[in-house]
Amino acid sequence: METFIANNVSQNHLQIPPQPIAQQAIHQRQRRYWDARVYEEVRGDNWSRTNVDNRIDLQGWLPHLKQLPRDPYVDTRWKRMSWFYLDQSGEPRVLAGCPMAQGGAFNDADTMADKVRHYAPLEDQFIQRDDVSSFIKGWADLWDIQPGEPILMQINGVRGDELTDPLQGQGIHKDGSQFLSVLVINRENVSGATSSLSFDKQGRQEIISADLAPGEILHIKDDQIYHSVSSLKPLDTSQPFERFIIIINCRFNDQFQNRILREHFPGAVLNEW
Ligand SMILES: [Fe+2]
């Protein structure tokens with residue numbers, strides 16, 4: 001349907017009917033967080049690649065990378081994570097104190113599978129940013145996340161000066177959720193760290209393989225598509241490299257994670273069976 005142009009009214013006013021409800025809905029959709037293409041792709045193709053740096057101030061996020069503690073379970077990785085949920089008015093609320101828990105079916109790394117893992121929470125100053133809050137709401141809108149569903153948001157990344165596997169042996173995997181997005185925050189002096197999606201765990205049916213730039217985000221239906229990232233090393237070997245990402249997940253199929261969530265949040269809306 002063509003866009004309504006106000007100055008045509010004088011010529012065509014008798015032919016132009018009042019704006020129907022369907023058209024109002026289309027206009028409402030155009031004001032949503034993501035381009036219409038992204039909503040269509042995640043529904044039709046189970047994944048989408050887009051850019052979100054017109055919605056967030058990435059420069060404002062960078063100082064928080066310097067405040068990240070080391071991941072206590074993985075060498076050379078730095079990490080924070082927090083759980084959120086949307087309240088009945090659609091605003092993000094923090095669910096404090098719940099650990100991550102991935103069963104062996106979803107994590108091949110010996111250091112992480114079948115373990116309850118506690119991490120430092122995201123900083124209050126970060127959580128309170130308007131662009132962080134609107135990112136969480138926009139992300140929840142993309143997947144139609146309901147109030148009370150736990151949303152896991154992590155910042156993690158690697159820095160160093162030698163060949164590093166950011167997944168520490170996880171390889172091609174799923175996270176054990178239904179909805180997953182990976183947003184690259186920074187990528188400095190990096191060779192490698194190529195993100196790949198595939199329909200199979202062997203990676204033979206590859207969907208995409210790409211080096212994501214800061215601000216790029218991959219949306220993935222985690223229960224339909226496998227993901228991985230390759231090792232990285234410095235481009236300039238005399239300088240250290242650094243690459244940090246946001247990982248955000250919701251609606252867990254991993255019943256180990258759901259059990260731990262239920263223990264911490266009796267009222268959580270979970271995908272239990
Ligand atoms: Fe993953």
# chains A, B, ... in the order shown; residues from 1 in each chain; ligands from 1
>>> residues_near_ligand(ligand="ligand 1", cutoff="8 Å", atoms="only C-alpha atoms and all ligand atoms", output="VMD selection string")
chain A and resid 167 170 173 to 175 227 to 228
>>> residues_around(residues="A:Trp34", least_positions_apart="2", cutoff="10 Å", atoms="only C-alpha atoms", output="PyMOL selection string")
chain A and resi 29-32+36-39+50-52+55+138-139+141-142
>>> residues_around(residues="stretch 101-108 of chain A", least_positions_apart="4", cutoff="10 Å", atoms="only C-alpha atoms", output="list in words")
Met112, Ala113, Asp114, Lys115, Val116, Arg117, His118, Leu167, Gln168, Gly169, Gln170, Gly171, Ile172, His173, Lys174, Asp175, Gly176, Ser177, Phe252, Asn253, Asp254, Gln255, Phe256, Gln257, Asn258, Arg259, Ile260 and Leu261 of chain A
>>> atom_distance(atom1="atom CA of A:Glu40", atom2="atom CA of A:Asp211")
23.2 Å
>>> atom_distance(atom1="atom CA of A:Phe179", atom2="atom CA of A:Trp143")
7.1 Å
>>> closest_atom_pairs(of="stretch 99-125 of chain A", to="stretch 67-89 of chain A", cutoff="9 Å", atoms="only C-alpha atoms", output="JSON lines")
{"residue": "A:Pro99", "atom": "CA", "partner": "A:Ser82", "partner_atom": "CA", "distance": 8.8}
{"residue": "A:Met100", "atom": "CA", "partner": "A:Met81", "partner_atom": "CA", "distance": 8.8}
{"residue": "A:Thr111", "atom": "CA", "partner": "A:Tyr73", "partner_atom": "CA", "distance": 6.3}
{"residue": "A:Met112", "atom": "CA", "partner": "A:Tyr73", "partner_atom": "CA", "distance": 7.0}
{"residue": "A:Arg117", "atom": "CA", "partner": "A:Tyr73", "partner_atom": "CA", "distance": 8.0}
{"residue": "A:His118", "atom": "CA", "partner": "A:Pro72", "partner_atom": "CA", "distance": 8.5}
{"residue": "A:Tyr119", "atom": "CA", "partner": "A:Arg80", "partner_atom": "CA", "distance": 5.8}
{"residue": "A:Ala120", "atom": "CA", "partner": "A:Arg80", "partner_atom": "CA", "distance": 5.0}
{"residue": "A:Pro121", "atom": "CA", "partner": "A:Met81", "partner_atom": "CA", "distance": 5.0}
{"residue": "A:Leu122", "atom": "CA", "partner": "A:Arg80", "partner_atom": "CA", "distance": 5.4}
{"residue": "A:Glu123", "atom": "CA", "partner": "A:Arg80", "partner_atom": "CA", "distance": 8.3}
>>> atom_distance(atom1="atom CA of A:Asp144", atom2="atom CA of A:Gln224")
16.9 Å
>>> residues_around(residues="A:Leu218", least_positions_apart="2", cutoff="7 Å", atoms="only C-alpha atoms", output="PyMOL selection string")
chain A and resi 48-50+181-183+216+220
>>> write_last_selection(atoms="C-alpha atoms", output="short mmCIF file (atom, residue, chain, number, x, y, z; two decimals), in the first residue's frame")
data_model
loop_
_atom_site.label_atom_id
_atom_site.label_comp_id
_atom_site.auth_asym_id
_atom_site.auth_seq_id
_atom_site.Cartn_x
_atom_site.Cartn_y
_atom_site.Cartn_z
CA SER A 48 18.42 -12.50 10.71
CA ARG A 49 21.54 -10.33 10.50
CA THR A 50 21.17 -6.63 11.07
CA SER A 181 21.01 -12.96 19.68
CA VAL A 182 24.70 -12.11 19.52
CA LEU A 183 25.71 -8.45 19.25
CA GLU A 216 26.06 -5.96 14.00
CA ILE A 220 18.89 -16.88 15.87
#
>>> select_by_dssp(residues="stretch 34-231 of chain A", states="strand (DSSP E)", output="MDAnalysis selection string")
chainID A and resid 47:51 77:86 92:95 100:102 115:117 151:160 177:188 190:192 195:198 206:210 216:221 226:229
>>> closest_residue(among="A:Pro147, A:Pro240, A:Gly215, A:Gly60", to="A:Val269", atoms="only C-alpha atoms")
A:Pro147
>>> select_by_dssp(residues="stretch 1-222 of chain A", states="helix (DSSP H, G or I)", output="count of residues only")
52
>>> residues_around(residues="A:Phe199", least_positions_apart="5", cutoff="9 Å", atoms="only C-alpha atoms", output="ChimeraX atom specification")
/A:204-207,224-227
>>> closest_residue(among="A:Glu272, A:Asp161, A:Asp200, A:Asp222", to="A:Arg243", atoms="only C-alpha atoms")
A:Asp161
